[in-house]
Amino acid sequence: DGDRKKIFIGFSQSINNDIWRKSMDHAMEVEASLHPEINLTIYNANRKAKKQIKDIDNMIEQGVDVIIISPFESDSIVPVIEKANIKGIPVIIVDRKVNTSNYTAYLGADNIEVGRIAGKHIVSLSNGHANVIQIYGDLTSSPGLERSLGFKQIVKQYPGIKVFDVDSDDFGHPKTNFVKVLDSIPNIDYVYSFNDLIAYNGWKIAKDKGLDKKIKFIGVDGLNGPFGGIQLVKDRVLEATVLYPTGGSEAIKLALKIVNKEIVPKNNMLNTILIDSLNADIMSNQFDKIAVQQSDIEQQQSVIKNQEKKYSSQSNLLKLLFSL
Ligand code: FRU
């Protein structure tokens with residue numbers, strides 16, 4: 001295997017201060033470790049559009065085999081994507097969309113559908129009569145815009161549902177207008193927020209005001225594990241969350257297919273689903289099983305690597321002995 005041609009994959013991550021992003025990075029690393037021929041390098045732009053462009057430029061210069069991008073901004077990144085395209089380097093876009101079609105493939109879940117699922121859930125729980133706060137994420141990003149679009153498409157069909165829009169900061173906290181709405185509108189029934197982290201931080205504010213039992217919180221992401229949305233549903237902090245898979249392992253699989261000259265669809269959709277108290281256990285059990293299998297494989301890989309090291313040092317020793 002060591003003789004097989006290496007495949008260089010560069011991944012440009014836009015943000016790295018939350019568990020969803022970390023889980024995406026981790027899923028890529030795990031998937032890459034299953035293919036010893038893959039050499040994966042992850043770059044972090046730390047919310048800086050310029051840094052992200054520089055990172056991608058760097059990958060182009062190195063002549064990597066595939067570039068995977070989780071975009072921060074959808075416009076400023078276009079020229080560097082087109083540059084890669086001209087140089088013949090395949091580009092895979094994950095999560096946020098970009099304002100060009102000069103890339104090889106896009107991978108992500110349908111955010112309009114995410115918003116619709118949240119909207120339908122509130123409609124069915126409330127029979128179409130509710131006061132709802134919607135906590136926006138970044139409306140300049142496609143997930144933010146589409147999650148709100150899909151949500152409004154559904155709830156606007158019900159005149160009994162009133163929506164109050166508030167926004168959040170870059171670090172997953174609702175802005176002060178959230179508190180203002182809580183204080184001025186006496187019967188808020190639901191909070192729908194752009195992701196689970198914002199929902200959780202909103203819930204803490206509501207809890208301080210003694211409103212946590214009255215208001216049902218719905219988030220997005222549904223990560224498995226200690227601080228993830230599934231656990232928050234199990235803990236009854238969130239009424240529900242809408243699964244938004246990171247696509248980490250799928251991105252690596254897609255990159256491999258592209259390198260192997262397979263034809264891949266331009267649009268690769270990941271599935272989304274509502275997670276509430278009815279299916280939270282099943283969902284986390286399923287994800288746990290996958291995680292156990294993955295860590296078994298990771299362990300095997302490291303055993304193999306150690307064996308290889310031992311073997312090569314033994315054979316070096318033999319070579320040395322024979323040369324004496
Ligand atoms: C994490 C995050 C996720 C969300 C995605 C959308 O940085 O905000 O919660 O699903 O990015 O881009």
# chains A, B, ... in the order shown; residues from 1 in each chain; ligands from 1

call {"tool": "residues_around", "arguments": {"residues": "Asp167 of chain A", "least_positions_apart": "5", "cutoff": "6 Å", "atoms": "only C-alpha atoms", "output": "ChimeraX atom specification"}}
result
/A:135-136,174-175

call {"tool": "select_by_dssp", "arguments": {"residues": "segment 122-287 of chain A", "states": "strand (DSSP E)", "output": "PyMOL selection string"}}
result
chain A and resi 130-135+161-166+190-193+216-221+240-243+267-270+274-276

call {"tool": "residues_near_ligand", "arguments": {"ligand": "ligand 1", "cutoff": "6 Å", "atoms": "only C-alpha atoms and all ligand atoms", "output": "ChimeraX atom specification"}}
result
/A:18,20-21,95-96,143,195,221

call {"tool": "write_last_selection", "arguments": {"atoms": "C-alpha atoms", "output": "PDB file, in the first residue's frame"}}
result
ATOM      1  CA  ASP A  18     -18.216  25.093  17.175  1.00  0.00           C
ATOM      2  CA  TRP A  20     -20.617  21.056  14.171  1.00  0.00           C
ATOM      3  CA  ARG A  21     -17.464  22.197  12.350  1.00  0.00           C
ATOM      4  CA  ASP A  95     -22.638  23.212   3.319  1.00  0.00           C
ATOM      5  CA  ARG A  96     -22.840  26.857   2.190  1.00  0.00           C
ATOM      6  CA  PRO A 143     -28.217  27.925   5.119  1.00  0.00           C
ATOM      7  CA  ASN A 195     -28.945  25.917  15.033  1.00  0.00           C
ATOM      8  CA  ASP A 221     -28.010  20.260  13.425  1.00  0.00           C
TER       9      ASP A 221
END

call {"tool": "residues_around", "arguments": {"residues": "Glu113 of chain A", "least_positions_apart": "5", "cutoff": "10 Å", "atoms": "only C-alpha atoms", "output": "list of chain:residue names"}}
result
A:Ala118, A:Gly119, A:Glu146, A:Arg147, A:Leu149, A:Gly150, A:Phe151, A:Val242, A:Asn271, A:Thr272, A:Ile273

call {"tool": "closest_residue", "arguments": {"among": "A:Asn260, A:Ser284, A:Gly248, A:Leu317", "to": "Ser23 of chain A", "atoms": "only C-alpha atoms"}}
result
A:Gly248

call {"tool": "closest_atom_pairs", "arguments": {"of": "segment 6-26 of chain A", "to": "segment 47-50 of chain A", "cutoff": "9 Å", "atoms": "only C-alpha atoms", "output": "CSV"}}
result
residue,atom,partner,partner_atom,distance
A:Ser14,CA,A:Arg47,CA,5.6
A:Ile15,CA,A:Arg47,CA,5.1
A:Asn16,CA,A:Arg47,CA,8.1

call {"tool": "closest_atom_pairs", "arguments": {"of": "segment 69-158 of chain A", "to": "segment 51-63 of chain A", "cutoff": "10 Å", "atoms": "only C-alpha atoms", "output": "CSV"}}
result
residue,atom,partner,partner_atom,distance
A:Ile69,CA,A:Ile56,CA,8.3
A:Ser70,CA,A:Gln52,CA,9.4
A:Pro71,CA,A:Gln52,CA,8.0
A:Phe72,CA,A:Gln52,CA,7.8
A:Glu73,CA,A:Gln52,CA,9.3
A:Ser76,CA,A:Ile53,CA,8.2
A:Ile77,CA,A:Ile53,CA,6.2
A:Val78,CA,A:Ile53,CA,9.2
A:Pro79,CA,A:Ile53,CA,8.9
A:Val80,CA,A:Ile53,CA,6.4
A:Ile81,CA,A:Ile56,CA,8.1
A:Lys83,CA,A:Ile60,CA,8.2
A:Ala84,CA,A:Ile60,CA,6.2
A:Asn85,CA,A:Ile60,CA,9.8
A:Lys87,CA,A:Ile60,CA,7.9
A:Gly88,CA,A:Gly63,CA,9.6
A:Ile89,CA,A:Ile60,CA,7.5

call {"tool": "atom_distance", "arguments": {"atom1": "atom CA of Thr104 of chain A", "atom2": "atom CA of Ile252 of chain A"}}
result
13.6 Å

call {"tool": "select_by_dssp", "arguments": {"residues": "segment 111-282 of chain A", "states": "helix (DSSP H, G or I)", "output": "PyMOL selection string"}}
result
chain A and resi 111-126+142-155+176-184+196-208+229-234+248-259+280-282

call {"tool": "write_last_selection", "arguments": {"atoms": "C-alpha atoms", "output": "short mmCIF file (atom, residue, chain, number, x, y, z; two decimals), in the first residue's frame"}}
result
data_model
loop_
_atom_site.label_atom_id
_atom_site.label_comp_id
_atom_site.auth_asym_id
_atom_site.auth_seq_id
_atom_site.Cartn_x
_atom_site.Cartn_y
_atom_site.Cartn_z
CA ASN A 111 -31.89 23.89 4.02
CA ILE A 112 -35.28 24.91 2.62
CA GLU A 113 -36.48 21.46 3.62
CA VAL A 114 -34.89 21.95 7.07
CA GLY A 115 -36.97 25.11 7.54
CA ARG A 116 -40.12 23.42 6.26
CA ILE A 117 -39.71 20.49 8.65
CA ALA A 118 -39.41 22.90 11.59
CA GLY A 119 -42.43 24.87 10.36
CA LYS A 120 -44.58 21.75 9.88
CA HIS A 121 -43.66 20.50 13.33
CA ILE A 122 -44.84 23.72 14.95
CA VAL A 123 -48.00 23.70 12.87
CA SER A 124 -48.84 20.16 13.89
CA LEU A 125 -48.06 20.65 17.58
CA SER A 126 -50.01 23.90 17.81
CA SER A 142 -27.35 30.15 2.12
CA PRO A 143 -28.22 27.93 5.12
CA GLY A 144 -29.41 30.95 7.10
CA LEU A 145 -31.46 32.33 4.26
CA GLU A 146 -32.95 29.00 3.21
CA ARG A 147 -33.80 27.80 6.71
CA SER A 148 -35.81 30.94 7.18
CA LEU A 149 -37.36 30.75 3.69
CA GLY A 150 -38.59 27.18 4.12
CA PHE A 151 -39.92 27.95 7.58
CA LYS A 152 -41.87 31.00 6.41
CA GLN A 153 -43.26 29.12 3.39
CA ILE A 154 -45.05 26.79 5.79
CA VAL A 155 -46.10 29.03 8.66
CA THR A 176 -30.61 41.44 22.91
CA ASN A 177 -33.74 41.77 20.76
CA PHE A 178 -34.54 38.20 21.84
CA VAL A 179 -34.84 39.34 25.45
CA LYS A 180 -36.92 42.33 24.34
CA VAL A 181 -39.44 40.10 22.57
CA LEU A 182 -39.57 37.70 25.54
CA ASP A 183 -40.25 40.65 27.84
CA SER A 184 -42.83 42.38 25.67
CA ASP A 196 -28.92 23.93 18.28
CA LEU A 197 -26.27 26.09 19.90
CA ILE A 198 -28.34 29.25 19.49
CA ALA A 199 -31.42 27.35 20.66
CA TYR A 200 -29.55 26.19 23.77
CA ASN A 201 -28.31 29.69 24.58
CA GLY A 202 -31.84 31.02 24.04
CA TRP A 203 -33.21 28.33 26.33
CA LYS A 204 -30.81 29.40 29.10
CA ILE A 205 -32.11 32.97 28.86
CA ALA A 206 -35.70 31.72 28.98
CA LYS A 207 -34.86 29.48 31.94
CA ASP A 208 -33.54 32.49 33.90
CA GLY A 229 -28.72 18.45 19.70
CA ILE A 230 -29.84 14.85 20.15
CA GLN A 231 -28.74 14.93 23.78
CA LEU A 232 -30.53 18.27 24.22
CA VAL A 233 -33.71 16.64 22.94
CA LYS A 234 -33.22 13.73 25.35
CA GLY A 248 -17.51 15.11 6.33
CA SER A 249 -17.12 11.47 5.38
CA GLU A 250 -19.23 11.84 2.24
CA ALA A 251 -16.96 14.65 1.03
CA ILE A 252 -13.89 12.41 1.24
CA LYS A 253 -15.73 9.56 -0.53
CA LEU A 254 -16.77 11.96 -3.25
CA ALA A 255 -13.19 13.24 -3.60
CA LEU A 256 -11.97 9.65 -4.08
CA LYS A 257 -14.55 8.99 -6.78
CA ILE A 258 -13.51 12.15 -8.60
CA VAL A 259 -9.83 11.22 -8.44
CA ALA A 280 -33.97 10.62 19.75
CA ASP A 281 -32.88 7.33 21.34
CA ILE A 282 -33.01 5.41 18.09
#

call {"tool": "residues_around", "arguments": {"residues": "Asn268 of chain A", "least_positions_apart": "5", "cutoff": "8 Å", "atoms": "only C-alpha atoms", "output": "PyMOL selection string"}}
result
chain A and resi 105-108

call {"tool": "residues_around", "arguments": {"residues": "Ala32 of chain A", "least_positions_apart": "4", "cutoff": "12 Å", "atoms": "only C-alpha atoms", "output": "VMD selection string"}}
result
chain A and resid 6 to 11 25 to 28 36 to 42 248 to 256 294 297 to 298 301

call {"tool": "residues_around", "arguments": {"residues": "Ile188 of chain A", "least_positions_apart": "5", "cutoff": "10 Å", "atoms": "only C-alpha atoms", "output": "list in words"}}
result
Ala130, Asn131, Val132, Ile133, Lys162, Val163, Phe164, Val181, Leu182, Asp183, Leu211, Lys214, Ile215 and Lys216 of chain A

call {"tool": "write_last_selection", "arguments": {"atoms": "C-alpha atoms", "output": "CSV table (one decimal), in the first residue's frame"}}
result
chain,number,residue,atom,x,y,z
A,130,ALA,CA,-48.9,29.9,18.1
A,131,ASN,CA,-46.5,32.8,18.8
A,132,VAL,CA,-43.1,31.9,17.5
A,133,ILE,CA,-39.7,33.6,17.8
A,162,LYS,CA,-47.3,34.8,14.4
A,163,VAL,CA,-43.6,35.0,13.9
A,164,PHE,CA,-41.2,37.5,15.6
A,181,VAL,CA,-39.4,40.1,22.6
A,182,LEU,CA,-39.6,37.7,25.5
A,183,ASP,CA,-40.3,40.7,27.8
A,211,LEU,CA,-40.1,30.5,30.8
A,214,LYS,CA,-43.7,27.2,28.7
A,215,ILE,CA,-41.7,27.7,25.6
A,216,LYS,CA,-40.7,24.9,23.3
